[in-house]
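Comments concern the structure below.
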There are 4 protein chains.
Amino acid sequence: MSTSDTDIDPEFRPIFENRVRFAETDLQGVVFYGEYFTFQDEAVSEFFRQIDYGYEQMERDGWQVHVANTELNYRDAAEFGDELVNEIRVAEIGTASITFEYRITRSADEQVLADGTVTHVAVDLETGETRPIPDAFREAVAAFQGGLEASD
Amino acid sequence: MSTSDTDIDPEFRPIFENRVRFAETDLQGVVFYGEYFTFQDEAVSEFFRQIDYGYEQMERDGWQVHVANTELNYRDAAEFGDELVNEIRVAEIGTASITFEYRITRSADEQVLADGTVTHVAVDLETGETRPIPDAFREAVAAFQGGLEASD
Amino acid sequence: MSTSDTDIDPEFRPIFENRVRFAETDLQGVVFYGEYFTFQDEAVSEFFRQIDYGYEQMERDGWQVHVANTELNYRDAAEFGDELVNEIRVAEIGTASITFEYRITRSADEQVLADGTVTHVAVDLETGETRPIPDAFREAVAAFQGGLEASD
Amino acid sequence: MSTSDTDIDPEFRPIFENRVRFAETDLQGVVFYGEYFTFQDEAVSEFFRQIDYGYEQMERDGWQVHVANTELNYRDAAEFGDELVNEIRVAEIGTASITFEYRITRSADEQVLADGTVTHVAVDLETGETRPIPDAFREAVAAFQGGLEASD
């Protein structure tokens, strides 16, 4: 349940920019579709850094995140040397999971290349079991994003 | 519409086996989630080889495939050295697209590690536009798989 | 033959910066040794861009480069999130080859992580055979770097 | 010092076979030069498995290996779908290091694609410092390979 309309749909934020590496292309001359998950993951990592609750803090607090699901739709192809902008927004925080919407755009013409989602689940470092997301993390997200859609 | 019950749900076929490479692991000690798309893609490539209509034949016939969508659910983590079995089945062939269901399992205990789908779209090599899938390819899939669910 | 002492040993130039991606780490918690070649390659690509003779120009002029040899010495390990600086300098341009010295440093403490070389050979796009490096490329390198060590 | 002539130059042993993955190619239509280090590393990992002293045993014995140097010469290019054979032999075991000679060949025509070396250094798991290679490892290598060139 969202606490207000503005919470439901936070804006996409450019969070990670990268230039297509030669090694990321394949023999079709474009970025291999699996490479986009590396970009998506860097967008999430950078999000954690920007809310000031990165992997080191998770470790200190006894948890980490595992990817439970991801999906991408491919709209257009990126070529070697293209400058790309990766954007994410938190779509939903459940008891133990966080779902990001993700979008990657070519800078030159603002063409969306791919969009989709990735869901991370909180896992206890000691037991390896799913665990609730700490309030401190929730608050860091909310403070950064100015409101979130909550779910149960 | 499927032409018979057996068409609707062809069995998963083991089609590509691989052993987890050191380079495929990440600092959590398991295979990075994006790597599974490389495995998924090899499963599709091997499927094309086994139906005897590989990328070379596509090129001769003036088309290639682009990934339009992919989704994976992660069930368990693969570790360095684990032997994995990749299985696929054609879930649907549309006018211009083919959707595979995909599953990857750890050999030692038959635990499913991830499952999901990938949809490829046929693209004309000259125009770069979406085009119908050639009948010869359709027939090769049908002959290999013993029936398919058709869609419009 | 070098034209002056200062030509023999052009300074290293920072040419490509990157932050260690999660996917680039391995289960030892550091960047996999093979990943450094992706960084090295981006340093070379950026060098070609900066001398204003990139891959597109090579293609227009009917040639491309293939890697013939590479070597790296590893001094220290990069960790997830580390900010890295990649530096190169042209060590030698032969009739058909160009050798770069390469060095990658962690920004935080200026520790060299790896250093070595990579040699590219000019290949004719039509014949696939080794061919002389065009004078226009040589001149672009010389202009950028302020002199080069020549070899026969 | 070698104990006999046959010790100095043990034969190359095919130790790891792989088929070129689509994701391993680049826009030149061949395997990216950095990918060969993933293959090289798998050859080394498989060597450790075959001498029955793998990474798990190292960990139990309190050490691991870090790559200190690697070099490859590229002779010919591998294409998508090519079947490759990776061969290694131990060239030298020092007090704290082990150097492998490595060669990768295309099965279809036995063309060597790349050859070179990789040197691993033994590192203490607790201190992170270089340490002598345990005798048990040395003996496992010698038993497997039928003699080794020793160095000081």
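Starting from 1 in every chain, residues are counted up; chains themselves are A, B, ... following the order of the structure tokens, and ligands are numbered from 1 as listed.
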Spatial neighbours of Pro14 in chain C, 12 Å, only C-alpha atoms, chain gap at least 3 places, as a VMD selection string = chain C and resid 11 17 to 18 40 42 to 44 46 to 47 50 84 to 89 102 to 107
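Running DSSP on the backbone and keeping only strand (DSSP E), the residues of range 31-84 of chain B that qualify are Trp63, Gln64, Val65, His66, Val67, Ala68, Asn69, Thr70, Glu71, Leu72, Asn73, Tyr74, Glu83 and Leu84 of chain B.
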Hey, which bits of chain C sit within 7 Å of chain B, and for each residue what's the closest pair of atoms and how far apart in Å (one decimal), counting only C-alpha atoms, rows by chain and increasing number, as a tab-separated table?
residue	atom	partner	partner_atom	distance
C:Phe22	CA	B:Asp26	CA	6.9
C:Ala23	CA	B:Asp26	CA	6.0
C:Thr25	CA	B:Asp26	CA	4.9
C:Asp26	CA	B:Asp26	CA	4.0
C:Leu27	CA	B:Gly29	CA	4.4
C:Gln28	CA	B:Leu27	CA	6.4
C:Gly29	CA	B:Leu27	CA	4.4
C:Phe32	CA	B:Ala23	CA	6.2
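Near Leu125 in chain C, within 7 Å and counting only C-alpha atoms, sit Gly62, Trp63, Gln64 and Gly128 of chain C, not including residues fewer than 3 positions from it in the same chain.
Of the residues under consideration (D:Arg60, D:Arg19, D:Arg49, D:Arg13), D:Arg60 shows the shortest atom-to-atom contact distance to Asp124 in chain D when counting only C-alpha atoms.
If only C-alpha atoms are the atoms counted, then among C:Asp61, C:Thr117, C:Glu83, C:Ala91 the closest residue to Asp135 in chain C is C:Asp61.
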Using CA of Gln111 in chain B and CA of Arg75 in chain B as the two end points, give the distance in Å to one decimal.
-> 8.5 Å
Using backbone DSSP assignments, extract all alpha helix (DSSP H) residues from chain C; output them as an mmCIF file with N, CA and C atoms, in the first residue's frame.
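states18.cif written:
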data_model
loop_
_atom_site.group_PDB
_atom_site.id
_atom_site.type_symbol
_atom_site.label_atom_id
_atom_site.label_comp_id
_atom_site.auth_asym_id
_atom_site.auth_seq_id
_atom_site.Cartn_x
_atom_site.Cartn_y
_atom_site.Cartn_z
ATOM 1 N N ASP C 5 66.029 11.879 -27.111
ATOM 2 C CA ASP C 5 65.903 11.092 -25.890
ATOM 3 C C ASP C 5 64.489 11.137 -25.335
ATOM 4 N N THR C 6 63.896 12.308 -25.404
ATOM 5 C CA THR C 6 62.558 12.448 -24.827
ATOM 6 C C THR C 6 61.535 11.611 -25.583
ATOM 7 N N ASP C 7 61.887 11.262 -26.826
ATOM 8 C CA ASP C 7 60.958 10.441 -27.607
ATOM 9 C C ASP C 7 60.897 9.012 -27.088
ATOM 10 N N ILE C 8 62.003 8.555 -26.583
ATOM 11 C CA ILE C 8 62.123 7.138 -26.249
ATOM 12 C C ILE C 8 61.163 6.726 -25.150
ATOM 13 N N GLU C 35 40.111 -10.152 -16.353
ATOM 14 C CA GLU C 35 39.331 -8.919 -16.556
ATOM 15 C C GLU C 35 40.223 -7.730 -16.892
ATOM 16 N N TYR C 36 41.464 -7.772 -16.436
ATOM 17 C CA TYR C 36 42.355 -6.638 -16.680
ATOM 18 C C TYR C 36 42.594 -6.407 -18.171
ATOM 19 N N PHE C 37 42.414 -7.469 -18.973
ATOM 20 C CA PHE C 37 42.617 -7.304 -20.409
ATOM 21 C C PHE C 37 41.463 -6.531 -21.040
ATOM 22 N N THR C 38 40.292 -6.631 -20.442
ATOM 23 C CA THR C 38 39.179 -5.779 -20.883
ATOM 24 C C THR C 38 39.501 -4.318 -20.578
ATOM 25 N N PHE C 39 40.089 -4.073 -19.413
ATOM 26 C CA PHE C 39 40.461 -2.695 -19.063
ATOM 27 C C PHE C 39 41.581 -2.198 -19.989
ATOM 28 N N GLN C 40 42.570 -3.057 -20.197
ATOM 29 C CA GLN C 40 43.692 -2.715 -21.075
ATOM 30 C C GLN C 40 43.172 -2.362 -22.474
ATOM 31 N N ASP C 41 42.244 -3.181 -22.944
ATOM 32 C CA ASP C 41 41.701 -2.963 -24.286
ATOM 33 C C ASP C 41 40.946 -1.644 -24.372
ATOM 34 N N GLU C 42 40.215 -1.300 -23.313
ATOM 35 C CA GLU C 42 39.515 -0.014 -23.311
ATOM 36 C C GLU C 42 40.505 1.143 -23.293
ATOM 37 N N ALA C 43 41.640 0.956 -22.643
ATOM 38 C CA ALA C 43 42.668 1.994 -22.643
ATOM 39 C C ALA C 43 43.180 2.215 -24.067
ATOM 40 N N VAL C 44 43.381 1.124 -24.800
ATOM 41 C CA VAL C 44 43.838 1.235 -26.186
ATOM 42 C C VAL C 44 42.764 1.879 -27.058
ATOM 43 N N SER C 45 41.512 1.450 -26.885
ATOM 44 C CA SER C 45 40.416 2.034 -27.671
ATOM 45 C C SER C 45 40.313 3.536 -27.426
ATOM 46 N N GLU C 46 40.456 3.910 -26.157
ATOM 47 C CA GLU C 46 40.369 5.334 -25.825
ATOM 48 C C GLU C 46 41.567 6.087 -26.402
ATOM 49 N N PHE C 47 42.725 5.457 -26.430
ATOM 50 C CA PHE C 47 43.893 6.060 -27.070
ATOM 51 C C PHE C 47 43.590 6.358 -28.540
ATOM 52 N N PHE C 48 43.010 5.370 -29.231
ATOM 53 C CA PHE C 48 42.668 5.567 -30.645
ATOM 54 C C PHE C 48 41.667 6.726 -30.807
ATOM 55 N N ARG C 49 40.706 6.814 -29.878
ATOM 56 C CA ARG C 49 39.752 7.927 -29.948
ATOM 57 C C ARG C 49 40.463 9.265 -29.753
ATOM 58 N N GLN C 50 41.386 9.281 -28.797
ATOM 59 C CA GLN C 50 42.022 10.561 -28.454
ATOM 60 C C GLN C 50 42.984 11.047 -29.531
ATOM 61 N N TYR C 55 38.406 3.176 -34.544
ATOM 62 C CA TYR C 55 38.107 1.979 -35.332
ATOM 63 C C TYR C 55 37.332 2.313 -36.609
ATOM 64 N N GLU C 56 36.481 3.336 -36.545
ATOM 65 C CA GLU C 56 35.716 3.699 -37.750
ATOM 66 C C GLU C 56 36.665 4.196 -38.842
ATOM 67 N N GLN C 57 37.657 4.999 -38.430
ATOM 68 C CA GLN C 57 38.618 5.506 -39.414
ATOM 69 C C GLN C 57 39.450 4.363 -39.989
ATOM 70 N N MET C 58 39.867 3.432 -39.107
ATOM 71 C CA MET C 58 40.601 2.260 -39.598
ATOM 72 C C MET C 58 39.783 1.538 -40.665
ATOM 73 N N GLU C 59 38.499 1.349 -40.368
ATOM 74 C CA GLU C 59 37.645 0.620 -41.307
ATOM 75 C C GLU C 59 37.548 1.370 -42.635
ATOM 76 N N ARG C 60 37.395 2.695 -42.549
ATOM 77 C CA ARG C 60 37.341 3.471 -43.787
ATOM 78 C C ARG C 60 38.640 3.337 -44.584
ATOM 79 N N ASP C 135 50.622 5.780 -42.821
ATOM 80 C CA ASP C 135 51.337 6.964 -42.320
ATOM 81 C C ASP C 135 50.413 7.892 -41.542
ATOM 82 N N ALA C 136 49.163 7.988 -41.973
ATOM 83 C CA ALA C 136 48.229 8.892 -41.294
ATOM 84 C C ALA C 136 48.063 8.493 -39.830
ATOM 85 N N PHE C 137 48.072 7.182 -39.575
ATOM 86 C CA PHE C 137 47.958 6.699 -38.203
ATOM 87 C C PHE C 137 49.227 7.027 -37.420
ATOM 88 N N ARG C 138 50.377 6.743 -38.051
ATOM 89 C CA ARG C 138 51.667 7.064 -37.435
ATOM 90 C C ARG C 138 51.755 8.528 -37.029
ATOM 91 N N GLU C 139 51.304 9.356 -37.941
ATOM 92 C CA GLU C 139 51.383 10.800 -37.690
ATOM 93 C C GLU C 139 50.435 11.216 -36.558
ATOM 94 N N ALA C 140 49.296 10.581 -36.529
ATOM 95 C CA ALA C 140 48.337 10.904 -35.460
ATOM 96 C C ALA C 140 48.909 10.526 -34.100
ATOM 97 N N VAL C 141 49.585 9.377 -34.039
ATOM 98 C CA VAL C 141 50.206 8.952 -32.778
ATOM 99 C C VAL C 141 51.312 9.932 -32.392
ATOM 100 N N ALA C 142 52.155 10.272 -33.368
ATOM 101 C CA ALA C 142 53.289 11.158 -33.093
ATOM 102 C C ALA C 142 52.818 12.528 -32.612
ATOM 103 N N ALA C 143 51.792 13.035 -33.274
ATOM 104 C CA ALA C 143 51.271 14.351 -32.909
ATOM 105 C C ALA C 143 50.718 14.333 -31.492
ATOM 106 N N PHE C 144 50.053 13.243 -31.151
ATOM 107 C CA PHE C 144 49.432 13.150 -29.836
ATOM 108 C C PHE C 144 50.475 12.994 -28.749
ATOM 109 N N GLN C 145 51.482 12.178 -29.061
ATOM 110 C CA GLN C 145 52.392 11.773 -28.010
ATOM 111 C C GLN C 145 53.673 12.598 -27.988
#
If we count only C-alpha atoms, what is near His120 in chain C at a cut-off of 7 Å, once residues fewer than 3 positions away on the same chain are taken out, given as a list in words?
-> Val65, His66, Val67, Ala68, Ser97, Ile98 and Thr99 of chain C
How about saving the chosen residues, all heavy atoms kept, as a PDB file, in the first residue's frame?
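As a result, selection08.pdb now contains:
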ATOM      1  N   VAL C  65      43.034  -3.759 -36.341  1.00  0.00           N
ATOM      2  CA  VAL C  65      44.147  -4.287 -35.542  1.00  0.00           C
ATOM      3  C   VAL C  65      43.732  -5.587 -34.847  1.00  0.00           C
ATOM      4  O   VAL C  65      42.588  -5.729 -34.427  1.00  0.00           O
ATOM      5  CB  VAL C  65      44.643  -3.268 -34.482  1.00  0.00           C
ATOM      6  CG1 VAL C  65      45.461  -2.173 -35.158  1.00  0.00           C
ATOM      7  CG2 VAL C  65      43.502  -2.666 -33.676  1.00  0.00           C
ATOM      8  N   HIS C  66      44.670  -6.509 -34.772  1.00  0.00           N
ATOM      9  CA  HIS C  66      44.499  -7.756 -34.021  1.00  0.00           C
ATOM     10  C   HIS C  66      45.573  -7.811 -32.938  1.00  0.00           C
ATOM     11  O   HIS C  66      46.715  -7.413 -33.191  1.00  0.00           O
ATOM     12  CB  HIS C  66      44.682  -8.974 -34.943  1.00  0.00           C
ATOM     13  CG  HIS C  66      43.604  -9.124 -35.971  1.00  0.00           C
ATOM     14  ND1 HIS C  66      43.597 -10.159 -36.872  1.00  0.00           N
ATOM     15  CD2 HIS C  66      42.498  -8.384 -36.228  1.00  0.00           C
ATOM     16  CE1 HIS C  66      42.522 -10.046 -37.643  1.00  0.00           C
ATOM     17  NE2 HIS C  66      41.848  -8.982 -37.282  1.00  0.00           N
ATOM     18  N   VAL C  67      45.225  -8.324 -31.791  1.00  0.00           N
ATOM     19  CA  VAL C  67      46.222  -8.475 -30.730  1.00  0.00           C
ATOM     20  C   VAL C  67      47.121  -9.664 -31.050  1.00  0.00           C
ATOM     21  O   VAL C  67      46.630 -10.767 -31.341  1.00  0.00           O
ATOM     22  CB  VAL C  67      45.547  -8.661 -29.359  1.00  0.00           C
ATOM     23  CG1 VAL C  67      46.587  -8.986 -28.292  1.00  0.00           C
ATOM     24  CG2 VAL C  67      44.771  -7.401 -28.985  1.00  0.00           C
ATOM     25  N   ALA C  68      48.430  -9.439 -31.000  1.00  0.00           N
ATOM     26  CA  ALA C  68      49.400 -10.494 -31.298  1.00  0.00           C
ATOM     27  C   ALA C  68      50.055 -11.034 -30.031  1.00  0.00           C
ATOM     28  O   ALA C  68      50.491 -12.180 -29.987  1.00  0.00           O
ATOM     29  CB  ALA C  68      50.478  -9.954 -32.232  1.00  0.00           C
ATOM     30  N   SER C  97      53.212  -3.162 -36.687  1.00  0.00           N
ATOM     31  CA  SER C  97      52.726  -3.424 -35.328  1.00  0.00           C
ATOM     32  C   SER C  97      52.902  -2.207 -34.434  1.00  0.00           C
ATOM     33  O   SER C  97      53.722  -1.325 -34.702  1.00  0.00           O
ATOM     34  CB  SER C  97      53.468  -4.622 -34.728  1.00  0.00           C
ATOM     35  OG  SER C  97      54.801  -4.268 -34.452  1.00  0.00           O
ATOM     36  N   ILE C  98      52.132  -2.188 -33.376  1.00  0.00           N
ATOM     37  CA  ILE C  98      52.231  -1.124 -32.379  1.00  0.00           C
ATOM     38  C   ILE C  98      52.165  -1.772 -30.996  1.00  0.00           C
ATOM     39  O   ILE C  98      51.285  -2.591 -30.730  1.00  0.00           O
ATOM     40  CB  ILE C  98      51.130  -0.057 -32.573  1.00  0.00           C
ATOM     41  CG1 ILE C  98      51.216   1.051 -31.524  1.00  0.00           C
ATOM     42  CG2 ILE C  98      49.743  -0.675 -32.595  1.00  0.00           C
ATOM     43  CD1 ILE C  98      50.398   2.284 -31.876  1.00  0.00           C
ATOM     44  N   THR C  99      53.164  -1.430 -30.173  1.00  0.00           N
ATOM     45  CA  THR C  99      53.224  -2.005 -28.832  1.00  0.00           C
ATOM     46  C   THR C  99      52.986  -0.913 -27.793  1.00  0.00           C
ATOM     47  O   THR C  99      53.631   0.131 -27.809  1.00  0.00           O
ATOM     48  CB  THR C  99      54.594  -2.662 -28.580  1.00  0.00           C
ATOM     49  OG1 THR C  99      54.746  -3.739 -29.507  1.00  0.00           O
ATOM     50  CG2 THR C  99      54.695  -3.208 -27.155  1.00  0.00           C
TER      51      THR C  99
END
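By chain and then residue number, the residues within 12 Å of Thr95 in chain C are His120, Val121, Ala122, Val123, Thr130, Arg131, Pro132, Ile133, Pro134, Asp135, Phe137, Arg138, Ala150, Ser151 and Asp152 of chain C, counting only C-alpha atoms and disregarding those fewer than 6 positions away in sequence.
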Between CA of Val118 in chain C and CA of Phe16 in chain A, what is the spacing in Å?
-> 29.3 Å
